[in-house]
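Structure file model_16.cif (mmCIF, C-alpha atoms) is printed below.
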```cif
data_final
#
loop_
_atom_site.group_PDB
_atom_site.id
_atom_site.type_symbol
_atom_site.label_atom_id
_atom_site.label_comp_id
_atom_site.auth_asym_id
_atom_site.auth_seq_id
_atom_site.Cartn_x
_atom_site.Cartn_y
_atom_site.Cartn_z
ATOM 1 C CA MET O 26 -24.737 85.315 5.123
ATOM 2 C CA ARG O 27 -26.720 82.317 6.179
ATOM 3 C CA LYS O 28 -26.447 80.913 2.656
ATOM 4 C CA TRP O 29 -22.687 81.355 2.671
ATOM 5 C CA GLY O 30 -22.475 79.704 6.073
ATOM 6 C CA LEU O 31 -24.316 76.635 4.842
ATOM 7 C CA THR O 32 -22.083 76.453 1.800
ATOM 8 C CA LEU O 33 -18.923 76.581 3.913
ATOM 9 C CA LEU O 34 -20.331 73.905 6.204
ATOM 10 C CA ALA O 35 -21.052 71.628 3.247
ATOM 11 C CA VAL O 36 -17.535 72.102 1.884
ATOM 12 C CA PHE O 37 -16.056 71.384 5.294
ATOM 13 C CA LEU O 38 -18.059 68.170 5.671
ATOM 14 C CA THR O 39 -17.059 67.047 2.175
ATOM 15 C CA ILE O 40 -13.371 67.508 3.006
ATOM 16 C CA ILE O 41 -13.754 65.509 6.220
ATOM 17 C CA LEU O 42 -15.576 62.631 4.455
ATOM 18 C CA THR O 43 -12.945 62.503 1.699
ATOM 19 C CA ALA O 44 -10.160 62.291 4.252
ATOM 20 C CA CYS O 45 -11.945 59.478 6.090
ATOM 21 C CA ASN O 46 -12.437 57.508 2.881
ATOM 22 C CA GLN O 47 -8.760 57.873 2.024
ATOM 23 C CA ASN O 48 -7.764 56.623 5.471
ATOM 24 C CA ASP O 49 -10.117 53.637 5.143
ATOM 25 C CA SER O 50 -8.648 52.832 1.738
ATOM 26 C CA LYS O 51 -5.118 52.991 3.120
ATOM 27 C CA ASP O 52 -6.075 50.765 6.043
ATOM 28 C CA GLU O 53 -7.618 48.233 3.642
ATOM 29 C CA ASP O 54 -4.488 48.256 1.466
ATOM 30 C CA LYS O 55 -2.320 47.709 4.534
ATOM 31 C CA LYS O 56 -4.544 44.813 5.646
ATOM 32 C CA GLU O 57 -4.398 43.165 2.205
ATOM 33 C CA THR O 58 -0.623 43.582 2.021
ATOM 34 C CA SER O 59 -0.278 42.113 5.499
ATOM 35 C CA GLU O 60 -2.415 39.092 4.555
ATOM 36 C CA LYS O 61 -0.356 38.436 1.408
ATOM 37 C CA THR O 62 2.873 38.689 3.387
ATOM 38 C CA SER O 63 1.484 36.255 5.949
ATOM 39 C CA GLN O 64 0.461 33.791 3.211
ATOM 40 C CA LYS O 65 3.907 33.945 1.617
ATOM 41 C CA LYS O 66 5.496 33.378 4.991
ATOM 42 C CA GLU O 67 3.269 30.369 5.666
ATOM 43 C CA ALA O 68 4.034 28.934 2.226
ATOM 44 C CA SER O 69 7.724 29.407 2.852
ATOM 45 C CA GLN O 70 7.402 27.682 6.204
ATOM 46 C CA ASP O 71 5.516 24.791 4.563
ATOM 47 C CA GLU O 72 8.314 24.285 2.049
ATOM 48 C CA SER O 73 11.000 24.233 4.697
ATOM 49 C CA GLY O 74 8.990 23.097 7.704
ATOM 50 C CA GLU O 75 7.060 20.091 8.938
ATOM 51 C CA GLY O 76 4.420 20.119 6.199
ATOM 52 C CA PHE O 77 6.981 19.911 3.421
ATOM 53 C CA LYS O 78 8.993 17.266 5.262
ATOM 54 C CA ALA O 79 5.873 15.163 5.760
ATOM 55 C CA LEU O 80 5.054 15.379 2.051
ATOM 56 C CA LYS O 81 8.572 14.358 1.039
ATOM 57 C CA GLU O 82 8.515 11.490 3.521
ATOM 58 C CA LYS O 83 5.207 10.291 2.052
ATOM 59 C CA GLU O 84 6.694 10.320 -1.455
ATOM 60 C CA LEU O 85 9.762 8.397 -0.288
ATOM 61 C CA ASN O 86 7.598 5.806 1.471
ATOM 62 C CA SER O 87 5.540 5.359 -1.696
ATOM 63 C CA GLN O 88 8.707 4.761 -3.718
ATOM 64 C CA ARG O 89 10.018 2.305 -1.118
ATOM 65 C CA ASN O 90 6.725 0.397 -1.092
ATOM 66 C CA LYS O 91 6.730 0.181 -4.891
ATOM 67 C CA LYS O 92 10.295 -1.133 -4.890
ATOM 68 C CA THR O 93 9.434 -3.629 -2.150
ATOM 69 C CA THR O 94 6.465 -4.882 -4.189
ATOM 70 C CA ASN O 95 8.629 -5.343 -7.279
ATOM 71 C CA ASP O 96 11.346 -7.088 -5.267
ATOM 72 C CA SER O 97 8.717 -9.324 -3.694
ATOM 73 C CA SER O 98 7.375 -10.290 -7.134
ATOM 74 C CA ASP O 99 10.894 -11.083 -8.361
ATOM 75 C CA ASN O 100 11.584 -13.193 -5.283
ATOM 76 C CA GLN O 101 8.271 -14.952 -5.796
ATOM 77 C CA ILE O 102 9.428 -16.117 -9.230
ATOM 78 C CA ILE O 103 12.710 -17.394 -7.801
ATOM 79 C CA ASP O 104 10.927 -19.206 -4.970
ATOM 80 C CA TYR O 105 9.308 -21.704 -7.364
ATOM 81 C CA THR O 106 11.074 -24.474 -9.238
ATOM 82 C CA ASP O 107 10.767 -24.875 -12.998
ATOM 83 C CA LYS O 108 8.744 -28.020 -12.374
ATOM 84 C CA GLN O 109 6.234 -26.071 -10.295
ATOM 85 C CA LYS O 110 6.024 -23.266 -12.842
ATOM 86 C CA ILE O 111 5.448 -25.719 -15.693
ATOM 87 C CA ALA O 112 2.670 -27.357 -13.677
ATOM 88 C CA MET O 113 1.159 -23.886 -13.165
ATOM 89 C CA LEU O 114 1.438 -23.184 -16.887
ATOM 90 C CA LEU O 115 -0.712 -26.211 -17.716
ATOM 91 C CA PHE O 116 -3.647 -24.597 -15.885
ATOM 92 C CA GLN O 117 -3.655 -21.516 -18.114
ATOM 93 C CA PRO O 118 -6.611 -20.864 -20.450
ATOM 94 C CA GLY O 119 -6.309 -21.375 -24.188
ATOM 95 C CA LEU O 120 -4.308 -24.620 -24.238
ATOM 96 C CA ASP O 121 -7.163 -27.033 -24.961
ATOM 97 C CA ASP O 122 -6.973 -27.295 -28.733
ATOM 98 C CA LYS O 123 -3.257 -27.789 -29.287
ATOM 99 C CA PHE O 124 -1.584 -28.755 -26.021
ATOM 100 C CA ILE O 125 -1.961 -31.126 -23.094
ATOM 101 C CA THR O 126 -3.585 -29.339 -20.175
ATOM 102 C CA ALA O 127 -3.697 -29.725 -16.409
ATOM 103 C CA ASP O 128 -7.139 -31.331 -16.767
ATOM 104 C CA ASP O 129 -5.660 -33.961 -19.094
ATOM 105 C CA VAL O 130 -2.920 -34.694 -16.568
ATOM 106 C CA LEU O 131 -5.443 -34.971 -13.732
ATOM 107 C CA LYS O 132 -7.716 -37.296 -15.740
ATOM 108 C CA GLY O 133 -4.758 -39.379 -16.901
ATOM 109 C CA GLU O 134 -5.729 -39.258 -20.560
ATOM 110 C CA TYR O 135 -5.511 -36.921 -23.538
ATOM 111 C CA GLN O 136 -6.734 -36.658 -27.112
ATOM 112 C CA SER O 137 -4.243 -37.644 -29.778
ATOM 113 C CA LYS O 138 -4.840 -35.799 -33.057
ATOM 114 C CA PHE O 139 -2.794 -37.377 -35.813
ATOM 115 C CA SER O 140 -3.553 -38.322 -39.399
ATOM 116 C CA ASP O 141 -5.282 -41.505 -38.250
ATOM 117 C CA GLY O 142 -7.931 -39.451 -36.454
ATOM 118 C CA VAL O 143 -8.699 -38.319 -32.929
ATOM 119 C CA LYS O 144 -8.054 -40.938 -30.273
ATOM 120 C CA LYS O 145 -8.002 -41.007 -26.492
ATOM 121 C CA LYS O 146 -4.705 -42.135 -25.050
ATOM 122 C CA HIS O 147 -3.481 -42.997 -21.577
ATOM 123 C CA LEU O 148 -1.415 -40.332 -19.808
ATOM 124 C CA PRO O 149 0.277 -41.710 -16.687
ATOM 125 C CA LYS O 150 2.730 -38.813 -16.567
ATOM 126 C CA LEU O 151 4.007 -35.840 -18.528
ATOM 127 C CA THR O 152 7.672 -36.089 -19.450
ATOM 128 C CA VAL O 153 9.497 -32.739 -19.503
ATOM 129 C CA THR O 154 13.038 -32.774 -20.877
ATOM 130 C CA SER O 155 15.467 -29.890 -20.492
ATOM 131 C CA LEU O 156 16.900 -28.748 -23.823
ATOM 132 C CA PRO O 157 20.334 -27.220 -24.411
ATOM 133 C CA GLU O 158 20.590 -23.483 -24.911
ATOM 134 C CA ASN O 159 19.189 -22.564 -28.304
ATOM 135 C CA THR O 160 22.025 -20.555 -29.831
ATOM 136 C CA GLN O 161 20.368 -20.518 -33.255
ATOM 137 C CA MET O 162 17.337 -18.532 -32.097
ATOM 138 C CA ASP O 163 17.914 -14.789 -32.374
ATOM 139 C CA ASN O 164 16.836 -12.254 -29.728
ATOM 140 C CA THR O 165 16.429 -14.843 -26.993
ATOM 141 C CA PRO O 166 16.443 -13.076 -23.590
ATOM 142 C CA THR O 167 19.253 -13.947 -21.222
ATOM 143 C CA GLY O 168 18.234 -16.674 -18.807
ATOM 144 C CA THR O 169 15.628 -18.261 -21.079
ATOM 145 C CA LYS O 170 15.265 -22.013 -20.578
ATOM 146 C CA PHE O 171 13.790 -24.442 -23.081
ATOM 147 C CA TYR O 172 11.937 -27.665 -22.349
ATOM 148 C CA ASN O 173 10.356 -30.348 -24.492
ATOM 149 C CA ILE O 174 7.057 -31.948 -23.430
ATOM 150 C CA GLN O 175 5.980 -35.477 -24.283
ATOM 151 C CA PRO O 176 3.722 -37.007 -25.361
ATOM 152 C CA PHE O 177 2.817 -34.770 -28.290
ATOM 153 C CA PRO O 178 -0.949 -34.458 -28.835
ATOM 154 C CA SER O 179 -0.419 -33.864 -32.574
ATOM 155 C CA GLN O 180 2.261 -33.840 -35.257
ATOM 156 C CA TYR O 181 3.810 -30.736 -33.680
ATOM 157 C CA SER O 182 6.666 -31.017 -31.221
ATOM 158 C CA VAL O 183 5.662 -29.184 -28.030
ATOM 159 C CA ASN O 184 8.206 -27.007 -26.247
ATOM 160 C CA ILE O 185 8.300 -24.401 -23.508
ATOM 161 C CA ALA O 186 10.459 -21.274 -23.441
ATOM 162 C CA MET O 187 10.495 -19.656 -20.017
ATOM 163 C CA ASN O 188 12.268 -16.795 -18.297
ATOM 164 C CA GLU O 189 11.507 -14.295 -15.543
ATOM 165 C CA HIS O 190 9.218 -12.315 -17.846
ATOM 166 C CA ASN O 191 7.327 -14.811 -19.999
ATOM 167 C CA MET O 192 6.340 -18.445 -20.243
ATOM 168 C CA ILE O 193 5.652 -19.593 -23.795
ATOM 169 C CA ILE O 194 4.324 -22.988 -24.803
ATOM 170 C CA PHE O 195 4.532 -23.636 -28.532
ATOM 171 C CA GLY O 196 4.284 -26.306 -31.172
ATOM 172 C CA SER O 197 6.640 -26.519 -34.124
ATOM 173 C CA GLN O 198 7.877 -28.821 -36.849
ATOM 174 C CA SER O 199 11.067 -26.911 -37.571
ATOM 175 C CA PRO O 200 13.504 -24.630 -35.691
ATOM 176 C CA ILE O 201 12.239 -21.156 -34.764
ATOM 177 C CA PRO O 202 14.713 -18.544 -36.072
ATOM 178 C CA ASP O 203 13.686 -15.642 -33.829
ATOM 179 C CA TYR O 204 12.310 -15.432 -30.280
ATOM 180 C CA ASN O 205 10.058 -12.557 -31.333
ATOM 181 C CA GLU O 206 8.093 -14.993 -33.484
ATOM 182 C CA LEU O 207 7.124 -16.789 -30.284
ATOM 183 C CA LEU O 208 6.091 -13.538 -28.626
ATOM 184 C CA HIS O 209 3.867 -12.767 -31.616
ATOM 185 C CA GLY O 210 2.048 -16.089 -31.367
ATOM 186 C CA LEU O 211 3.774 -18.104 -34.090
ATOM 187 C CA ASP O 212 0.659 -18.047 -36.291
ATOM 188 C CA GLY O 213 -1.488 -19.484 -33.528
ATOM 189 C CA MET O 214 0.943 -22.201 -32.465
ATOM 190 C CA ALA O 215 2.339 -20.332 -29.451
ATOM 191 C CA LYS O 216 0.651 -19.206 -26.247
ATOM 192 C CA VAL O 217 2.381 -16.446 -24.289
ATOM 193 C CA TYR O 218 1.813 -15.825 -20.580
ATOM 194 C CA LYS O 219 3.432 -13.453 -18.108
ATOM 195 C CA THR O 220 5.439 -15.474 -15.601
ATOM 196 C CA LYS O 221 4.283 -13.352 -12.662
ATOM 197 C CA ASP O 222 0.643 -13.724 -13.710
ATOM 198 C CA VAL O 223 0.943 -17.496 -14.017
ATOM 199 C CA ILE O 224 2.379 -17.770 -10.512
ATOM 200 C CA LYS O 225 -0.126 -15.341 -9.035
ATOM 201 C CA SER O 226 -3.096 -17.176 -10.526
ATOM 202 C CA GLU O 227 -2.033 -20.716 -9.603
ATOM 203 C CA LYS O 228 0.226 -20.622 -6.534
ATOM 204 C CA ASP O 229 -2.722 -21.394 -4.247
ATOM 205 C CA ASN O 230 -4.452 -23.828 -6.604
ATOM 206 C CA PRO O 231 -5.389 -26.896 -4.513
ATOM 207 C CA LYS O 232 -4.824 -29.170 -7.534
ATOM 208 C CA LEU O 233 -1.356 -27.839 -8.307
ATOM 209 C CA LYS O 234 0.531 -30.418 -6.247
ATOM 210 C CA GLU O 235 -1.319 -33.290 -7.916
ATOM 211 C CA VAL O 236 -0.340 -32.049 -11.378
ATOM 212 C CA GLU O 237 3.214 -31.351 -10.254
ATOM 213 C CA ASP O 238 3.563 -34.928 -9.012
ATOM 214 C CA LYS O 239 2.717 -36.185 -12.505
ATOM 215 C CA VAL O 240 5.329 -33.998 -14.201
ATOM 216 C CA ASP O 241 8.507 -36.006 -14.721
ATOM 217 C CA MET O 242 11.465 -33.639 -15.159
ATOM 218 C CA GLN O 243 14.451 -35.043 -17.037
#
```
Would you write the structure of this file as structure tokens?
Amino acid sequence: MRKWGLTLLAVFLTIILTACNQNDSKDEDKKETSEKTSQKKEASQDESGEGFKALKEKELNSQRNKKTTNDSSDNQIIDYTDKQKIAMLLFQPGLDDKFITADDVLKGEYQSKFSDGVKKKHLPKLTVTSLPENTQMDNTPTGTKFYNIQPFPSQYSVNIAMNEHNMIIFGSQSPIPDYNELLHGLDGMAKVYKTKDVIKSEKDNPKLKEVEDKVDMQ
């Protein structure tokens, strides 16, 4: 009898423990479900509430700032005259071998490289003459202006093609059939610079005004 009593007690305890474990499992499931529901609710509130609005406002502000920066750069180009931009162009690197530079203008002399050899010549001013629209050059961007620069440092005629995107100084002995040839360097006889970069690099140059004063626009 005692043995049977112990057996019944063990069975009874096992049943109780099993029931408790099942209740704990159910409670845990309920807790997990409740947490997931709460997270979904919070996410939904973020998308329609203050957090989402703040994020959208931040994105809009970023877009506005980018547009303002671009507009400011465009206005910066307009704010300078062609004479000022040409003076800025003369300060750019890479002009030494084939073109008259800002340093030449400041010194008042340049090197003439013709068939009779290299000679130093006096440079009281740089004459820049506006040229008519070049209708024979294909693919020329709208608004491109052409200028001729004298004196020539060599047998090549020196010209400038400039628009809101690029400033190109180039030497040639014959008409250029396509603007893209200038963009590609014209076999070493053209130097291409971004207009915005030229202005950004030289607008505060303390020597700019001195060079500008020696540029004679015609």
*asked:* Quick one: residues within 9 Å of O:Pro202, only C-alpha atoms, excluding same-chain residues fewer than 2 positions away - as a list in words?
replied: Gln161, Met162, Asp163, Pro200, Tyr204, Asn205 and Glu206 of chain O
*Step by step, work through what the PyMOL selection byres ((chain O and resi 130) around 12) selects in the shown file, and finish by giving those residues as number ranges by chain.*
O: 112, 115-116, 124-129, 131-136, 146-152, 175-176, 232-241
*asked:* Under the PyMOL selection byres ((chain O and resi 199) around 12), which residues of this model are included? Write them out as number ranges by chain.
replied: O: 162, 180-184, 195-198, 200-202, 211
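With all atoms listed in the file as the atoms that count, the residue of O:Asp229, O:Asp122, O:Glu82, O:Asp141 with the shortest distance to O:Lys216 is O:Asp122.
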*Mind giving me the straight-line distance from atom CA of O:Ala215 to atom CA of O:His190 in Å, one decimal?*
15.7 Å
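Between atom CA of O:Asp121 and atom CA of O:Pro157 the separation is 27.5 Å.
In this comparison, which uses all atoms listed in the file, the residue of O:Met192, O:Asn230, O:Ser155, O:Met214 approaching O:Leu114 most closely is O:Met192.
Look at O:Lys219: the protein and nucleic acid residues within 12 Å of it, using only C-alpha atoms and passing over chain neighbours fewer than 3 places away, are Ile102, Lys110, Met113, Leu114, Gln117, Ala186, Met187, Asn188, Glu189, His190, Asn191, Met192, Ile193, Ile194, Leu208, Lys216, Asp222, Val223, Ile224, Lys225 and Ser226 of chain O.
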Can you write out the residues you just picked, keeping C-alpha atoms, as a tab-separated table (two decimals), in the frame of the given file?
```
chain	number	residue	atom	x	y	z
O	102	ILE	CA	9.43	-16.12	-9.23
O	110	LYS	CA	6.02	-23.27	-12.84
O	113	MET	CA	1.16	-23.89	-13.16
O	114	LEU	CA	1.44	-23.18	-16.89
O	117	GLN	CA	-3.66	-21.52	-18.11
O	186	ALA	CA	10.46	-21.27	-23.44
O	187	MET	CA	10.50	-19.66	-20.02
O	188	ASN	CA	12.27	-16.80	-18.30
O	189	GLU	CA	11.51	-14.30	-15.54
O	190	HIS	CA	9.22	-12.32	-17.85
O	191	ASN	CA	7.33	-14.81	-20.00
O	192	MET	CA	6.34	-18.44	-20.24
O	193	ILE	CA	5.65	-19.59	-23.80
O	194	ILE	CA	4.32	-22.99	-24.80
O	208	LEU	CA	6.09	-13.54	-28.63
O	216	LYS	CA	0.65	-19.21	-26.25
O	222	ASP	CA	0.64	-13.72	-13.71
O	223	VAL	CA	0.94	-17.50	-14.02
O	224	ILE	CA	2.38	-17.77	-10.51
O	225	LYS	CA	-0.13	-15.34	-9.04
O	226	SER	CA	-3.10	-17.18	-10.53
```
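Using all atoms listed in the file, the smallest distance between any of O:Ile185, O:Lys108, O:Met242, O:Thr167 and O:Tyr218 comes from O:Ile185.
Across the structure, atom CA of O:Lys123 and atom CA of O:Ile174 are spaced 12.6 Å apart.
For the set O:His209, O:Lys221, O:Asp203, O:Glu227, the residue with the smallest atom-to-atom gap to O:Thr160 is O:Asp203, counting only C-alpha atoms.
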